[in-house]
Every structure is written in structure tokens, then in C-alpha cells.
Amino acid sequence: MNILTEVQGHFQGSLPSRIGVALSGGGDSVALLHILTQCFQGQDVQILAATVDHGLRRESADEARQVAALARQIGVDHEILHWQGWQGDGNLQDQARRARYQLLSDWAKHREIEIITLGHTADDQAETVLMRLARSAGVNGLAAMPVRRQLNGITLLRPLLRVTRAQLRNHLTQHDLTWVEDPSNQDRRFERVRMRQAMKTLEPLGLTIASLSAVAENM
């Protein structure tokens with residue numbers, strides 16, 4: 001698969017003047033940022049990035065500044081968005097996710113950005129399908145993450161849903177790019193982490209990233 005061609009295929013017709021990237025600093029979003037700069041090099045399209053600092057760990061501010069430096073290295077305008085809404089109760093992951101999307105959509109409106117791209121991969125799609133299966137989901141649930149959806153008048157686009165995490169790591173290595181590893185990605189308290197680890201056991205049985213992603217696409 002040619003990743004640049006895959007990403008470019010999501011931008012048909014007239015190109016937007018500005019494309020936003022939700023940049024966590026992890027390998028997937030850093031790869032997406034770099035790929036977009038390559039896709040639209042020499043064209044009248046400005047790539048901008050934003051990182052949400054949830055402020056939940058002491059290290060998060062320093063990590064956000066590292067991500068800002070990564071964006072500057074790639075040559076992209078970057079902003080850090082701060083969340084201060086956590087009261088210490090309820091579902092932390094859900095509240096953080098909602099806050100992240102709200103902050104990003106507000107940023108996009110302020111910067112006149114029509115499309116925010118998200119770095120979700122085929123791996124994320126497969127993990128989501130497994131999570132939905134565990135909840136006995138029906139057709140809508142197993143459709144998992146859509147390529148596009150609207151939020152507060154902004155288009156959220158996931159152009160990497162057919163691209164694996166391994167392919168993106170290979171892209172990063174080829175271009176000598178670094179990324180920030182989120183320690184929560186190893187925390188088994190989170191359902192997604194447990195599903196990610198379970199994938200290694202399920203793959204020999206035919207429940208691969210490709211097959212589970214195909215389920216979502218079929219649904």
C-alpha cells in the first residue's frame with residue numbers, strides 16, 4: 001500500500017485551504033502529520049496541528065512541549081490546548097475524550113479549519129470491533145469508527161483506517177522521525193489496552209487486524 005495515495009484519496013474535488021491535525025505526539029498522529037505535509041507539498045493547503053494537554057499527569061505539560069517541538073521540526077504551526085474540567089469522578093476516559101473533541105472543534109472554528117484529521121489506524125478499528133463484540137453490539141456498533149463524521153460544524157476525518165500501526169512506524173523510521181510514547185498505552189486498567197494485547201493471541205485464529213477491520217467496513 002502507498003500510504004500517501006491512500007490519504008490523498010480522502011481529499012477529492014476542491015481542496016480545503018486549511019487542514020487540522022489532532023496531534024497527540026504518538027507515532028500514529030506524528031506519521032499522519034508528516035504524511036499530510038508530503039501529500040500537499042507545493043499546494044495551497046496549510047497544515048496546522050493542535051495537542052490537547054489534559055493535565056492529568058505531572059509530565060503532561062512537558063510532553064505537550066515535546067510534541068510542539070516535533071511539529072516545528074516538520075514545519076507545521078502548532079498550538080497546545082488545555083483541559084481543566086476533570087473533577088475526579090465519573091468515567092475519566094470518556095470525559096477526556098469528549099473534552100478533547102470539544103477543544104479541537106473550538107480550535108478549528110477559531111482558526112477557520114474545515115477538516116480535522118485523526119490518526120486512528122486499522123489497529124484501532126480492530127480493537128474497537130473487539131470491544132463492541134464484548135458488549136454484544138449489533139450492526140451499528142460493529143460498524144465501529146466511521147471515516148468521516150460531523151462535530152459542531154467541523155468534519156472529523158480518519159484517513160488511516162486502512163493503514164496499520166506497523167506501516168506507520170515503518171514510515172516514521174524511514175524518515176528519521178521520533179514520537180512520544182503514552183504510558184497509558186500499557187495500562188491494563190483500560191479496556192482498549194487489554195484488547196490490544198489480546199490481538200496477539202487471536203491473530204493465529206484468523207481474527208487479525210485486517211479481518212476485524214473488514215467487519216467494520218462491511219457493517
# chains A, B, ... in the order shown; residues from 1 in each chain; ligands from 1
>>> select_by_dssp(residues="range 45-89 of chain A", states="alpha helix (DSSP H)", output="PyMOL selection string")
chain A and resi 60-74
>>> write_last_selection(atoms="N, CA, C and O atoms", output="mmCIF file, in the first residue's frame")
data_model
loop_
_atom_site.group_PDB
_atom_site.id
_atom_site.type_symbol
_atom_site.label_atom_id
_atom_site.label_comp_id
_atom_site.auth_asym_id
_atom_site.auth_seq_id
_atom_site.Cartn_x
_atom_site.Cartn_y
_atom_site.Cartn_z
ATOM 1 N N SER A 60 2.598 15.779 31.737
ATOM 2 C CA SER A 60 1.857 16.076 30.509
ATOM 3 C C SER A 60 2.250 17.406 29.870
ATOM 4 O O SER A 60 2.287 17.526 28.644
ATOM 5 N N ALA A 61 2.548 18.412 30.676
ATOM 6 C CA ALA A 61 2.924 19.718 30.117
ATOM 7 C C ALA A 61 4.235 19.618 29.348
ATOM 8 O O ALA A 61 4.366 20.166 28.242
ATOM 9 N N ASP A 62 5.214 18.902 29.932
ATOM 10 C CA ASP A 62 6.493 18.721 29.240
ATOM 11 C C ASP A 62 6.307 17.915 27.963
ATOM 12 O O ASP A 62 6.921 18.208 26.930
ATOM 13 N N GLU A 63 5.445 16.899 28.024
ATOM 14 C CA GLU A 63 5.198 16.073 26.839
ATOM 15 C C GLU A 63 4.552 16.903 25.732
ATOM 16 O O GLU A 63 4.890 16.758 24.561
ATOM 17 N N ALA A 64 3.615 17.786 26.102
ATOM 18 C CA ALA A 64 2.972 18.646 25.104
ATOM 19 C C ALA A 64 3.996 19.561 24.442
ATOM 20 O O ALA A 64 3.928 19.814 23.227
ATOM 21 N N ARG A 65 4.948 20.045 25.222
ATOM 22 C CA ARG A 65 6.003 20.898 24.640
ATOM 23 C C ARG A 65 6.903 20.086 23.712
ATOM 24 O O ARG A 65 7.369 20.600 22.682
ATOM 25 N N GLN A 66 7.139 18.814 24.046
ATOM 26 C CA GLN A 66 7.909 17.947 23.145
ATOM 27 C C GLN A 66 7.175 17.769 21.818
ATOM 28 O O GLN A 66 7.793 17.780 20.747
ATOM 29 N N VAL A 67 5.860 17.615 21.908
ATOM 30 C CA VAL A 67 5.059 17.451 20.697
ATOM 31 C C VAL A 67 5.108 18.724 19.859
ATOM 32 O O VAL A 67 5.210 18.673 18.624
ATOM 33 N N ALA A 68 5.056 19.880 20.521
ATOM 34 C CA ALA A 68 5.166 21.156 19.802
ATOM 35 C C ALA A 68 6.493 21.238 19.054
ATOM 36 O O ALA A 68 6.546 21.717 17.910
ATOM 37 N N ALA A 69 7.561 20.748 19.688
ATOM 38 C CA ALA A 69 8.876 20.751 19.035
ATOM 39 C C ALA A 69 8.887 19.820 17.829
ATOM 40 O O ALA A 69 9.495 20.132 16.791
ATOM 41 N N LEU A 70 8.197 18.664 17.940
ATOM 42 C CA LEU A 70 8.096 17.738 16.806
ATOM 43 C C LEU A 70 7.396 18.409 15.627
ATOM 44 O O LEU A 70 7.826 18.279 14.478
ATOM 45 N N ALA A 71 6.319 19.128 15.928
ATOM 46 C CA ALA A 71 5.577 19.816 14.861
ATOM 47 C C ALA A 71 6.459 20.866 14.193
ATOM 48 O O ALA A 71 6.458 20.997 12.961
ATOM 49 N N ARG A 72 7.216 21.605 14.999
ATOM 50 C CA ARG A 72 8.122 22.619 14.429
ATOM 51 C C ARG A 72 9.174 21.962 13.550
ATOM 52 O O ARG A 72 9.551 22.501 12.505
ATOM 53 N N GLN A 73 9.651 20.779 13.980
ATOM 54 C CA GLN A 73 10.645 20.051 13.186
ATOM 55 C C GLN A 73 10.098 19.701 11.803
ATOM 56 O O GLN A 73 10.819 19.750 10.798
ATOM 57 N N ILE A 74 8.803 19.381 11.752
ATOM 58 C CA ILE A 74 8.163 19.041 10.477
ATOM 59 C C ILE A 74 7.770 20.303 9.710
ATOM 60 O O ILE A 74 7.485 20.262 8.517
#
>>> closest_residue(among="A:Ile3, A:Val52, A:Ala143, A:Ala166", to="Tyr101 in chain A", atoms="only C-alpha atoms")
A:Val52
>>> select_by_dssp(residues="range 40-90 of chain A", states="strand (DSSP E)", output="list in words")
Gln46, Ile47, Leu48, Ala49, Ala50, Thr51, Val52, Asp53, Asp77, His78, Glu79, Ile80, Leu81 and His82 of chain A
>>> residues_around(residues="Leu142 in chain A", least_positions_apart="2", cutoff="8 Å", atoms="only C-alpha atoms", output="list in words")
Val129, Arg132, Leu133, Ala137, Gly138, Val139, Asn140, Ala144, Val215, Ala216 and Met219 of chain A
>>> atom_distance(atom1="CA of Gly153 in chain A", atom2="CA of Leu23 in chain A")
20.1 Å
>>> residues_around(residues="Gln46 in chain A", least_positions_apart="2", cutoff="9 Å", atoms="only C-alpha atoms", output="JSON, numbers by chain")
{"A": [16, 17, 18, 19, 20, 37, 40, 43, 44, 48, 76, 77]}
>>> write_last_selection(atoms="C-alpha atoms", output="mmCIF file, in the first residue's frame")
data_model
loop_
_atom_site.group_PDB
_atom_site.id
_atom_site.type_symbol
_atom_site.label_atom_id
_atom_site.label_comp_id
_atom_site.auth_asym_id
_atom_site.auth_seq_id
_atom_site.Cartn_x
_atom_site.Cartn_y
_atom_site.Cartn_z
ATOM 1 C CA PRO A 16 -9.630 22.880 1.771
ATOM 2 C CA SER A 17 -7.389 25.865 2.424
ATOM 3 C CA ARG A 18 -6.557 24.541 5.900
ATOM 4 C CA ILE A 19 -6.376 21.017 7.340
ATOM 5 C CA GLY A 20 -6.057 20.427 11.064
ATOM 6 C CA THR A 37 2.726 17.685 4.618
ATOM 7 C CA PHE A 40 0.058 18.656 -0.152
ATOM 8 C CA GLN A 43 -0.175 23.135 -2.996
ATOM 9 C CA ASP A 44 -2.174 25.968 -1.473
ATOM 10 C CA LEU A 48 -1.984 23.081 11.289
ATOM 11 C CA VAL A 76 3.851 22.913 10.994
ATOM 12 C CA ASP A 77 2.092 25.613 13.024
#
>>> closest_residue(among="A:His54, A:His120, A:His82, A:Lys200", to="Gln95 in chain A", atoms="only C-alpha atoms")
A:His54
